[in-house]
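The structure appears below as structure tokens.
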Amino acid sequence: MSIVTVQLGQCGNQIGFEVFNALFTDSQSSQGLCSKRENEAYQASCKERFFREEKGVPIARAVLVDMEPKVINHVLSKAAQSGQWKYSQHACFCQKQGSGNNWAYGYSVHGPKHEDSIMNLIQKEVEKCDSLNGFFIIMSIAGGTGSGLGAFLTQHLHDHYSNALKMNQIIWPYGTGEVIVQNYNSILTLSHLYRSSDALLIHENDTIHKICAKLMNIKQISFGDINQVLAHQLGSVFQPTYSVEGSFHYRRNPLGDLMENLVPHPEFKMLGVRNIPQMSENSLPYSTFTWAGLLKHLRQMLISNAKMEEGIDWQVRPPLPGLPPLGKMSQNREQHFNTSLANLVILRGKDVQNANLEGFKDPALYTSWLGPDEAFTVWKTQRAFSRYEKSAALVSNSQFFVKPLDTIVGKAWNMFASKAYVHQYTKFGIEEEGFLDSFTLLEQVVASYRNL
Amino acid sequence: MTQSVVVQVGQCGNQIGCCFWDLALREHAAVNQKGIYDEAIGSFFRNVDTRVVGDGSSISKGKICSLKARAVLIDMEEGVVNEILQGPLRDVFDSKQLITDISGSGNNWAVGHKVFGSLYREQILEKLRKSAEHCDCLQCFFILHSMGGGTGSGLGTFLLKVLEDEFPEVYRFVTSVYPSSEDDVITSPYNSLLAVKELNEHADCVLPIDNQSLFDIISKIDLVVNSGKLGPIVKPNSLVTSGGTAFKKQHKKPFDAMNNIVANLLLHLTSSARFEGSLNMDLNEISMNLVPFPQLHYLVSSLTPLYTLADVNIPPRRLDLMFSDAFSKDHQLIQADPKHSLYLACALMVRGNVQISDLRRNIERLKPSLQFVSWNQEGWKTSLCSVPPVGHSHSLLALANNTCVKPTFIELRERFMRLYKKKAHLHHYLQVEGMEESCFTEAVSSLSALIEEYDQLDATKSLPVEDVQRLSIAV
Amino acid sequence: MDGGAAAWTGAGPRTLPEAIATLSRSLPAGPSPEIFRRAKFDHPEAAPVLWRLLFRVLAPLRANCAAASLGRGAQARWVKVVLHYCGYPRPALAQLPEDGSQGSRELLLAFSWLLARVPLLEWLLSQTCVQLGDQVPTFECEALASPGLAAPQVDARRSVDLRRLQWLMGKLRFRWRSLICSQQEQCALLSKIHTYTHGCHSDQNLGHLSVTETEMLRDPEDSQQVRKGPEALRQMLGCPGSQALWLPADTLVQAEVPSLLALQLLRVLERENARLEAALEWRQCELIFWQWMDTVLGACPPEGPAVPTFLPRIPEHGCQELELVARELQALQEKLREQVLSRRQAWETQVGGLGHGPEWSAARQALQQTVEQELLALQRSWEQERGPSLTQGPHRLVKIKAGTAGAQGLPVAEVIRALRSQEASLEAMLCWLQGQCRQELARLAGAVPGLLWILPPGC
Amino acid sequence: MLQSDCALRLVAELQGALDACAERQRQLERSLRISRRLLQAWEPAGTTGLDPPPGSETKEEDPSPACTPSPQDLKDLELLTQALEKAVQVRKGVSKTGKKSRTPSLKSGTVAASPGSTASALPQASSQPGHCSSRTRPTKGVHQITVPAKDHPKHRLLLVRDKSHAVRIGAQVTRLEPSHREQMTLSDTPHAAETFTLKEKGTLLQLPMAFRKAAYRNSCLWTQLNSTQTSDATDATSDAKTQFLQKMQMASSISSSRFSPVEVEMEVHCLQKACALLRLRMEEELSAAPVDWMQEYRCLLTLEGLQAMVGQCLHKLQELCAGFEFRAFGMLALTEQLPGPCLMGRPLQASLPCGSRVCTSWGPQLLLYSNTQELQTLATLRLRVAMLEQQIHLEKVLMAELLPMVSTQEARGPPWLALCRAAHSLLCEGGERFLTILQEDPAD
């Protein structure tokens with residue numbers, strides 16, 4: 001089954017390119033450390049999901065949307081230059097003028113105006129899939145096009161393709177600000193997506209920036225570096241895994257399987273990804289990994305809400321069994337213990353069958369109303385990913401984002417209380433009422449996650 | 001990609017414009033080596049096949065034939081415009097883009113605004129429409145004018161209202177040159193104040209420029225250049241008014257160097273919209289990010305490093321210094337000290353070989369020394385354009401919506417009041433048809449209201465930053 | 001027509017044992033005629049066989065395999081309940097011991113009651129017939145709507161947070177969507193196979209091969225590779241329930257033998273043919289059986305006074321629903337009464353001045369007719385099973401050229417129409433139920449001061 | 001928090017539904033795998049697309065784009081035909097020559113040779129003049145795929161051979177009349193390959209004789225079963241049955257009621273639907289704003305009609321209640337001993353043709369569709385109906401358990417509010433959305 005990617009805005013298009021590039025490069029890599037047959041099955045599965053073929057050339061199953069042509073042109077030519085895969089010329093939509101960081105402009109002006117054209121492009125791409133699994137929508141939430149138009153399109157995908165799954169890849173802006181109205185744009189986007197999307201996969205710029213600096217040892221970090229790390233993380237989640245352990249059948253319904261296990265509850269849709277190992281090319285040859293070591297670190301990253309392998313707080317421990325839920329909650333808060341709702345661990349590489357995952361099956365890791373049997377899932381494949389002989393990824397629906405979300409809502413509320421910038425939104429039909437709805441919904445989400 | 005139209009009004013506006021077109025041509029020539037007409041060039045120039053009679057049909061693709069500036073030149077005297085038309089830039093303009101008169105406005109806002117305004121309204125409108133027709137997506141009008149004189153100030157602000165009515169969707173960015181206190185025009189306080197009211201009401205963004213600041217900057221450059229520490233080696237292709245500019249009297253006339261700074265400001269401001277970069281910033285993002293309340297649309301700008309403005313080969317200073325400079329008092333294009341005032345919002349537009357990490361590092365570094373309004377503690381807007389200014393590796397334009405503009409307004413009001421109390425020269429104005437006393441009082445109260453708004457914001461400066469009470473979720 | 005088939009239409013067996021024998025043969029694993037004879041005299045040894053027969057006939061098909069694992073007592077209870085539920089009139093059945101130790105005559109009566117009331121043989125044959133063709137890739141609606149047979153393992157010690165129910169509900173919604181997704185794909189693949197094999201079938205009506213048939217031809221070489229195929233197949237066939245919903249493709253995978261398929265299918269087909277032949281024969285000699293059953297019934301002692309033993313399934317649940325409907329209907333009635341009353345009055349006063357020309361009465365008549373038609377259509381939409389449905393018996397999918405006239409069979413378009421109206425009425429129903437809940441909760445919410453209930457937008 | 005018995009029931013219901021779905025998904029995946037394997041034959045995925053030879057795509061007529069086979073289609077087609085072709089050969093015994101190792105493999109532009117000389121065995125082969133000469137051409141190895149020359153709604157399988165017996169395939173575009181076929185063959189490509197459709201060689205691809213016989217007899221028997229059902233069922237037989245049933249009823253000590261429980265249940269179900277639809281219609285009518293007196297009158301008539309219909313429903317309901325009460329007198333809680341909750345509920349209806357529905361035809365019937373989309377719509381709708389039924393069932397169960405709990409709970413503190421929120425989401429929003437409860441600001 002195939003996934004149609006929708007790349008939106010500057011951020012979405014830049015990341016989309018890196019994601020396809022990472023997926024393709026990995027699937028063609030000969031360092032898979034597995035049998036030829038398995039490698040072929042892996043390739044075929046990756047291809048079915050993300051690429052189609054035109055005259056022998058792999059074409060990304062993607063629709064590129066921006067309200068401004070520069071980025072799309074750039075990305076198209078970069079893909080063509082790769083010599084390996086391409087974007088379809090006919091899957092692009094751009095306009096002359098961007099949304100100017102104004103969510104309302106993207107949502108209420110660009111959205112309705114270009115709805116038909118964009119939905120047509122998507123429809124065409126969907127028709128090229130033998131079987132549609134769902135949509136992967138890449139967008140930032142800070143700007144105007146990705147966020148506003150993204151929210152608009154997701155809603156329309158929800159209406160037009162009610163059975164297809166929708167996952168939004170969301171880029172969370174730098175906490176110190178990259179767009180001044182980013183908090184407004186973010187709360188409007190998030191609250192709208194909460195109504196129309198099935199899952200929000202969130203990446204924070206701050207986090208990835210730190211990974212680039214600390215783990216990848218990059219001195220002068222560019223957006224290209226950041227996007228490559230992000231693409232690596234996504235690849236580690238979306239490259240094929242076995243559907244049944246011990247068979248060579250690869251999972252055909254990756255989005256559905258993931259969502260069913262992680263985001264069935266309407267109030268909990270925010271997913272975070274953690275990867276291990278991640279390091280620069282130079283240090284890789286000097287490192288060896290064991291599953292036990294990797295998983296120990298990954299688990300501690302989960303419970304201490306560490307964003308990367310470096311600087312994990314090893315003091316954080318799961319709460320003692322037998323505490324009443326309320327006591328447990330306050331103790332957790334004190335300890336900065338990160339309570340999970342559900343986790344998915346994806347293991348790739350050598351001896352994957354020997355990895356011991358008991359650490360993730362501890363009921364203390366999870367909320368009181370869901371047991372590990374329902375809350376924990378593991379996917380595996382023996383095929384190694386990227387340059388790593390062994391690697392693990394964690395997709396987690398947990399309290400990871402309570403703090404960032406709370407912060408964004410708080411800042412937006414502060415600004416809203418002074419009515420600053422509101423006139424820019426009312427100009428395009430987003431009234432104060434709309435803001436209040438968004439605040440209400442997100443405050444509830446924060447509260448719900450806190451009460452896990 | 002979008003296009004912009006530059007409307008240059010009055011002597012000052014046209015002189016700045018002249019500099020601007022010269023630099024713009026040279027910048028695009030440096031970036032676009034192949035001579036192909038592309039969208040970046042298209043944002044300021046039309047490509048015209050001159051062999052076709054009439055107004056020359058635009059060519060949207062292919063080789064560059066003949067570039068025409070997307071500009072409307074207005075002056076009520078002929079001098080400057082004629083000079084331009086006889087200068088090296090003559091091919092960039094044609095007579096259909098000009099409106100001139102011979103009488104001049106006599107340094108009288110009322111003449112420019114009321115008399116010439118009604119006289120030339122239709123004509124101006126027609127030229128504007130024409131220029132708009134040549135754009136497939138007109139995004140912005142840049143109005144270049146000075147506040148002190150008659151034409152630029154009067155007709156320039158008249159124009160704003162016309163644009164607002166006629167092109168409500170198109171942004172109006174105004175570069176206003178404020179007179180310095182030792183201005184030789186005696187009525188300049190009147191003119192400026194009357195103009196301020198119009199700017200308050202009809203502009204989307206105003207970039208105030210102070211002649212005194214420009215002059216100080218130029219002097220500083222000269223000082224560095226002549227100090228002997230660094231060889232005054234002229235860079236052949238740098239974007240400064242050296243050899244091949246419209247006026248070949250650079251060092252004699254400080255105005256040229258000063259105009260050059262303003263022209264550079266415009267180029268930098270639009271660079272991220274014209275060229276590729278890893279973090280684009282379109283023009284419409286400027287007002288969206290920097291204007292929290294409709295009236296508070298005055299943006300204080302600073303360009304660093306200053307050597308990009310000079311025609312000298314100075315080894316680059318540390319990158320981080322560039323960021324520090326942008327916040328220092330002596331780099332601002334008006335006399336103001338943003339660092340000790342309150343920031344409502346701030347944009348950092350970077351060109352050249354600078355990455356996001358450099359930007360983040362400097363924001364983190366500078367943040368503690370700056371004071372932002374309570375509801376906008378992270379009020380940063382950033383952009384990264386990969387094309388540096390010609391001949392340099394990087395540069396930075398900082399735009400600040402900061403209460404530091406307030407003293408400029410207060411001073412203006414004081415100078416105005418000094419004259420107005422004496423009713424000096426008032427009759428020159430009142431004899432113009434449609435001009436009444438109330439025009440002055442209204443203008444004063446408009447300016448006072450603006451000052452009051454800044455005052456209120458400044459008042460919050462001393463208060464501790466506290467979160468507002470949020471919605472409380474029951475369960 | 002095949003000579004063999006024609007043979008039974010004329011003469012049939014004329015003796016009772018022969019008649020019963022045909023009945024037995026036409027049933028899936030039917031008992032021997034001797035059992036019937038013994039049952040007439042209520043011999044206890046016939047009872048277990050008849051319990052089994054009844055259970056087999058009555059158990060829901062999907063659940064059959066699992067149900068087979070039920071104990072004898074449970075099976076018997078099941079039979080009792082279902083028969084009563086269907087309106088079986090004799091309470092004596094309910095009093096039978098569930099260990100199968102006696103009551104063979106009563107069971108024979110019950111079986112005959114079913115046989116007389118509904119076309120049982122045809123129904124059973126139809127439900128269990130061999131599927132050579134491709135089916136609409138969905139399963140019985142009822143099967144989805146019914147929980148599986150095995151009681152799910154729920155940890156009773158753990159108290160349940162409602163959020164867990166929400167979680168499960170969300171999971172279910174995702175599974176539904178995945179199902180639809182897979183089904184779409186299966187349809188596309190089926191259609192492809194049908195297109196590609198167009199013209200390969202000897203049967204003119206079909207024209208193309210089905211998956212099973214293509215599979216049969218696919219790889220004959222491999223036939224020697226695996227031997228366990230027939231066994232797997234037999235296993236499946238030993239369980240009549242699974243036959244009914246048997247997707248041939250499933251068998252193949254389960255057995256991992258694509259090869260011997262033809263042979264296996266042949267056997268199954270032959271077995272089915274034998275049952276069909278027997279059923280046709282049975283029709284010829286049924287009369288003898290019924291005459292005999294009369295004597296069986298006559299041999300029964302008259303029943304004693306009714307001992308209350310039985311609980312039809314409706315009890316509290318059904319009561320609740322009846323009440324709910326009654327309340328809603330009355331509310332409707334009330335609202336309509338008010339509206340009609342006031343509007344009628346307003347109308348009369350208005351029309352008073354309008355005059356009553358012939359045009360008016362013609363228009364009125366026309367209006368009356370259209371309204372009548374509309375309402376009739378409305379009524380039809382809730383009366384059950386209008387239009388073609390797929391609930392009865394298997395259907396073989398045949399791809400035809402668009403616009404081909406005179407093709408025999410049911411056009412999908414018609415089924416779609418029927419399904420759409422069914423969908424609409426179900427949606428209305430769900431909507432109504434949700435509306436009821438909303439009212440109830442809003443009432444409760446209104447009673448608590450100091451709180452603002454913010455509904456999700458769009459409510 | 002729920003009490004455990006209630007929780008048990010709800011969780012069991014949901015878990016049951018989930019299991020049923022999962023089971024069905026597994027089934028579907030199995031058959032999907034079969035179908036995919038059929039279409040992709042034995043080749044590992046990753047075979048490259050088939051490029052048409054330059055110039056062979058002479059489009060004389062305007063092809064309708066919908067009918068143009070996509071490269072993927074062509075590929076599938078090729079693989080499938082290969083498979084079938086191979087089957088033909090095996091069936092004919094030509095593979096006995098011990099060349100099994102030469103499994104067909106598909107590389108870009110190359111096709112494996114099938115062993116054996118099947119061409120001579122094909123009936124048509126000898127009847128095609130001119131073909132022989134082309135066959136003598138020593139073309140070996142690589143050949144381009146024959147590509148549609150024209151488009152036609154029907155794509156036929158087309159096997160193309162040359163002397164070396166390399167199998168080629170393409171979608172034949174023109175639906176060839178037999179008489180035209182030869183010409184087509186001759187003028188086909190420079191390689192002058194022999195072409196035939198599977199249909200024309202259909203005899204070779206037929207199922208085994210014995211099987212075909214049995215299948216034929218099977219369909220005859222079903223036809224007979226259906227045709228004799230009504231006409232041959234003698235009056236005597238049906239009389240006998242009726243009599244038997246009557247006698248049985250009379251002998252019974254329970255007097256008959258008008259409705260059996262299953263009928264009551266079905267009627268209730270029907271009334272619920274009616275109720276929902278009537279309300280919808282009424283609200284539609286009430287919210288309409290008639291612009292002229294005609295419309296106004298029509299509205300009035302409709303409302304009156306609706307009123308009458310509601311009356312009928314109420315009447316029906318009373319009848320049901322009467323019958324129900326009558327029956328209810330001697331009930332004993334037998335249900336509780338039933339083997340699991342699963343045997344209750346809807347399967348009862350499904351398990352028997354005991355409703356009043358009489359089916360007129362038995363056995364496999366044909367269901368005709370003309371395109372993929374139609375089939376997909378059908379499948380989706382069926383599933384959707386099934387899902388709605390399940391959802392309604394769950395809704396009712398949840399209503400029965402949750403509503404009383406919410407309304408009886410005494411303390412109206414946070415636990416109760418949490419309960420309300422979850423209940424609202426489950427009951428009113430289908431579990432998709434949720435409400436927020438805010439504490440009112442005392443300042444307001």
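Residue numbering restarts at 1 for every chain of the structure tokens, chains are lettered A, B, ... in their displayed order, and ligands are numbered from 1 as they appear.
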Subject >> helix (DSSP H, G or I) call set, DSSP backbone run, stretch 76-123 of chain C, as a PyMOL selection string >> reply: chain C and resi 76-85+91-95+104-117+120-123
Subject >> Residues of chain B within 9 Å of chain A, counting only C-alpha atoms, as a PyMOL selection string >> reply: chain B and resi 1-2+136-137+139+274-294+345-347+354-358+360+363-364+374-383+466-475
Specify as a PDB file with N, CA and C atoms, in the first residue's frame all residues of chain A found within 10 Å of chain D, counting only C-alpha atoms.
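The resulting file, iface.pdb, is reproduced below:
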ATOM      1  N   ARG A  37      17.748 -11.658  -1.126  1.00  0.00           N
ATOM      2  CA  ARG A  37      16.315 -11.790  -1.271  1.00  0.00           C
ATOM      3  C   ARG A  37      15.601 -10.820  -0.319  1.00  0.00           C
ATOM      4  N   GLU A  40      15.869  -7.333  -1.482  1.00  0.00           N
ATOM      5  CA  GLU A  40      14.959  -7.034  -2.600  1.00  0.00           C
ATOM      6  C   GLU A  40      13.545  -6.803  -2.101  1.00  0.00           C
ATOM      7  N   ALA A  41      13.156  -7.628  -1.157  1.00  0.00           N
ATOM      8  CA  ALA A  41      11.806  -7.460  -0.610  1.00  0.00           C
ATOM      9  C   ALA A  41      11.684  -6.104   0.098  1.00  0.00           C
ATOM     10  N   TYR A  42      12.742  -5.739   0.784  1.00  0.00           N
ATOM     11  CA  TYR A  42      12.791  -4.456   1.492  1.00  0.00           C
ATOM     12  C   TYR A  42      12.673  -3.299   0.508  1.00  0.00           C
ATOM     13  N   GLN A  43      13.465  -3.407  -0.542  1.00  0.00           N
ATOM     14  CA  GLN A  43      13.419  -2.374  -1.576  1.00  0.00           C
ATOM     15  C   GLN A  43      12.034  -2.258  -2.192  1.00  0.00           C
ATOM     16  N   ALA A  44      11.482  -3.419  -2.501  1.00  0.00           N
ATOM     17  CA  ALA A  44      10.178  -3.420  -3.153  1.00  0.00           C
ATOM     18  C   ALA A  44       9.141  -2.787  -2.241  1.00  0.00           C
ATOM     19  N   SER A  45       9.239  -3.103  -0.969  1.00  0.00           N
ATOM     20  CA  SER A  45       8.274  -2.568  -0.027  1.00  0.00           C
ATOM     21  C   SER A  45       8.418  -1.052   0.105  1.00  0.00           C
ATOM     22  N   LYS A  47       9.637   0.880  -2.085  1.00  0.00           N
ATOM     23  CA  LYS A  47       9.229   1.500  -3.338  1.00  0.00           C
ATOM     24  C   LYS A  47       7.713   1.580  -3.435  1.00  0.00           C
ATOM     25  N   GLU A  48       7.077   0.493  -3.051  1.00  0.00           N
ATOM     26  CA  GLU A  48       5.618   0.514  -3.129  1.00  0.00           C
ATOM     27  C   GLU A  48       5.061   1.658  -2.283  1.00  0.00           C
ATOM     28  N   ARG A  52       6.811   5.571  -7.294  1.00  0.00           N
ATOM     29  CA  ARG A  52       6.248   4.848  -8.432  1.00  0.00           C
ATOM     30  C   ARG A  52       7.252   4.957  -9.555  1.00  0.00           C
ATOM     31  N   GLU A  53       6.923   4.363 -10.673  1.00  0.00           N
ATOM     32  CA  GLU A  53       7.925   4.358 -11.718  1.00  0.00           C
ATOM     33  C   GLU A  53       7.370   4.972 -12.989  1.00  0.00           C
ATOM     34  N   GLU A  54       8.182   5.781 -13.607  1.00  0.00           N
ATOM     35  CA  GLU A  54       7.802   6.322 -14.901  1.00  0.00           C
ATOM     36  C   GLU A  54       9.001   6.160 -15.799  1.00  0.00           C
ATOM     37  N   LYS A  55       8.849   5.402 -16.845  1.00  0.00           N
ATOM     38  CA  LYS A  55       9.942   5.158 -17.771  1.00  0.00           C
ATOM     39  C   LYS A  55      11.204   4.712 -17.042  1.00  0.00           C
ATOM     40  N   GLY A  56      11.016   3.846 -16.098  1.00  0.00           N
ATOM     41  CA  GLY A  56      12.166   3.286 -15.417  1.00  0.00           C
ATOM     42  C   GLY A  56      12.758   4.161 -14.338  1.00  0.00           C
ATOM     43  N   VAL A  57      12.251   5.360 -14.174  1.00  0.00           N
ATOM     44  CA  VAL A  57      12.808   6.240 -13.150  1.00  0.00           C
ATOM     45  C   VAL A  57      11.846   6.284 -11.957  1.00  0.00           C
ATOM     46  N   LYS A 128      -2.663   7.018  -8.954  1.00  0.00           N
ATOM     47  CA  LYS A 128      -1.496   6.262  -9.381  1.00  0.00           C
ATOM     48  C   LYS A 128      -1.071   5.221  -8.356  1.00  0.00           C
ATOM     49  N   ASP A 130      -1.869   1.743  -6.507  1.00  0.00           N
ATOM     50  CA  ASP A 130      -2.744   0.577  -6.574  1.00  0.00           C
ATOM     51  C   ASP A 130      -3.643   0.552  -5.357  1.00  0.00           C
ATOM     52  N   ASN A 163     -11.526   7.535   4.534  1.00  0.00           N
ATOM     53  CA  ASN A 163     -10.958   6.273   4.996  1.00  0.00           C
ATOM     54  C   ASN A 163      -9.446   6.242   4.955  1.00  0.00           C
ATOM     55  N   TYR A 194      -6.010  18.844  15.158  1.00  0.00           N
ATOM     56  CA  TYR A 194      -6.557  17.907  16.140  1.00  0.00           C
ATOM     57  C   TYR A 194      -7.946  17.436  15.731  1.00  0.00           C
ATOM     58  N   ARG A 195      -8.607  18.219  14.943  1.00  0.00           N
ATOM     59  CA  ARG A 195      -9.947  17.832  14.505  1.00  0.00           C
ATOM     60  C   ARG A 195      -9.918  16.997  13.238  1.00  0.00           C
ATOM     61  N   SER A 196      -8.900  17.170  12.424  1.00  0.00           N
ATOM     62  CA  SER A 196      -8.983  16.500  11.114  1.00  0.00           C
ATOM     63  C   SER A 196      -7.879  15.496  10.849  1.00  0.00           C
ATOM     64  N   ASP A 198      -5.191  12.309  11.903  1.00  0.00           N
ATOM     65  CA  ASP A 198      -5.219  11.140  12.768  1.00  0.00           C
ATOM     66  C   ASP A 198      -4.052  11.137  13.735  1.00  0.00           C
ATOM     67  N   HIS A 249       7.613 -11.313   5.149  1.00  0.00           N
ATOM     68  CA  HIS A 249       6.558 -10.422   4.670  1.00  0.00           C
ATOM     69  C   HIS A 249       6.746  -9.074   5.325  1.00  0.00           C
ATOM     70  N   ARG A 252       2.427  -4.030   5.306  1.00  0.00           N
ATOM     71  CA  ARG A 252       1.861  -3.316   4.168  1.00  0.00           C
ATOM     72  C   ARG A 252       1.061  -2.094   4.600  1.00  0.00           C
ATOM     73  N   PRO A 264      -5.236   5.916  19.103  1.00  0.00           N
ATOM     74  CA  PRO A 264      -6.686   5.721  18.943  1.00  0.00           C
ATOM     75  C   PRO A 264      -7.519   6.708  19.769  1.00  0.00           C
ATOM     76  N   HIS A 265      -6.931   7.284  20.782  1.00  0.00           N
ATOM     77  CA  HIS A 265      -7.731   8.159  21.641  1.00  0.00           C
ATOM     78  C   HIS A 265      -7.764   9.573  21.064  1.00  0.00           C
ATOM     79  N   PRO A 266      -8.961  10.136  20.957  1.00  0.00           N
ATOM     80  CA  PRO A 266      -9.065  11.433  20.260  1.00  0.00           C
ATOM     81  C   PRO A 266      -8.313  12.572  20.943  1.00  0.00           C
ATOM     82  N   GLU A 267      -8.026  12.446  22.217  1.00  0.00           N
ATOM     83  CA  GLU A 267      -7.356  13.549  22.900  1.00  0.00           C
ATOM     84  C   GLU A 267      -5.840  13.416  22.889  1.00  0.00           C
ATOM     85  N   TRP A 369      -4.395   3.440  33.147  1.00  0.00           N
ATOM     86  CA  TRP A 369      -5.550   2.795  32.513  1.00  0.00           C
ATOM     87  C   TRP A 369      -5.225   1.992  31.250  1.00  0.00           C
ATOM     88  N   THR A 440      -9.145  26.775  23.818  1.00  0.00           N
ATOM     89  CA  THR A 440      -9.884  25.827  24.643  1.00  0.00           C
ATOM     90  C   THR A 440      -9.457  24.394  24.351  1.00  0.00           C
ATOM     91  N   LEU A 441      -9.437  24.079  23.078  1.00  0.00           N
ATOM     92  CA  LEU A 441      -9.104  22.710  22.707  1.00  0.00           C
ATOM     93  C   LEU A 441      -7.708  22.339  23.194  1.00  0.00           C
ATOM     94  N   LEU A 442      -6.766  23.245  22.974  1.00  0.00           N
ATOM     95  CA  LEU A 442      -5.392  22.895  23.314  1.00  0.00           C
ATOM     96  C   LEU A 442      -5.164  22.877  24.824  1.00  0.00           C
ATOM     97  N   GLU A 443      -5.848  23.754  25.543  1.00  0.00           N
ATOM     98  CA  GLU A 443      -5.731  23.693  27.007  1.00  0.00           C
ATOM     99  C   GLU A 443      -6.210  22.326  27.485  1.00  0.00           C
ATOM    100  N   GLN A 444      -7.256  21.837  26.846  1.00  0.00           N
ATOM    101  CA  GLN A 444      -7.766  20.525  27.214  1.00  0.00           C
ATOM    102  C   GLN A 444      -6.734  19.451  26.914  1.00  0.00           C
ATOM    103  N   VAL A 445      -6.109  19.553  25.774  1.00  0.00           N
ATOM    104  CA  VAL A 445      -5.105  18.554  25.412  1.00  0.00           C
ATOM    105  C   VAL A 445      -3.961  18.566  26.425  1.00  0.00           C
TER     106      VAL A 445
END
At most 12 Å is the cut-off: for each residue in chain D with any atom that close to an atom of chain B, write down the nearest atom pair and the distance in Å rounded to one decimal, counting only C-alpha atoms, chain first then increasing number, as a tab-separated table.
residue	atom	partner	partner_atom	distance
D:Arg412	CA	B:Ala474	CA	11.6
D:Gly413	CA	B:Val475	CA	9.2
D:Pro414	CA	B:Val475	CA	5.8
D:Pro415	CA	B:Val475	CA	8.0
D:Trp416	CA	B:Val475	CA	9.4
D:Leu417	CA	B:Val475	CA	6.6
D:Ala418	CA	B:Val475	CA	6.1
D:Leu419	CA	B:Val475	CA	9.8
D:Cys420	CA	B:Val475	CA	10.2
D:Arg421	CA	B:Val475	CA	8.7
D:Ala422	CA	B:Val475	CA	11.0
D:Leu435	CA	B:Val475	CA	10.8
D:Thr436	CA	B:Ile473	CA	7.3
D:Ile437	CA	B:Ala474	CA	5.5
D:Leu438	CA	B:Ile473	CA	4.7
D:Gln439	CA	B:Ala474	CA	5.4
D:Glu440	CA	B:Ser472	CA	7.9
D:Asp441	CA	B:Ser472	CA	8.0
D:Pro442	CA	B:Ser472	CA	11.1
D:Ala443	CA	B:Gln469	CA	11.3
Subject >> Interface, chain C side, toward chain B (10 Å; only C-alpha atoms) as a list in words >> reply: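 Putting it all together, I get Leu451, Leu452 and Trp453 of chain C.
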**OP:** Between atom CA of A:Ile312 and atom CA of A:Arg387, measure the distance and give it in Å to one decimal.
**Re:**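 Going from atom CA of A:Ile312 over to atom CA of A:Arg387, I get 23.6 Å.
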**OP:** Considering only C-alpha atoms, state which residue in the set C:Gln408, C:Gln330, C:Ser182, C:Ser104 is at the smallest distance from chain A.
**Re:**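 Of C:Gln408, C:Gln330, C:Ser182, C:Ser104, the one nearest chain A, counting only C-alpha atoms, is C:Ser182.
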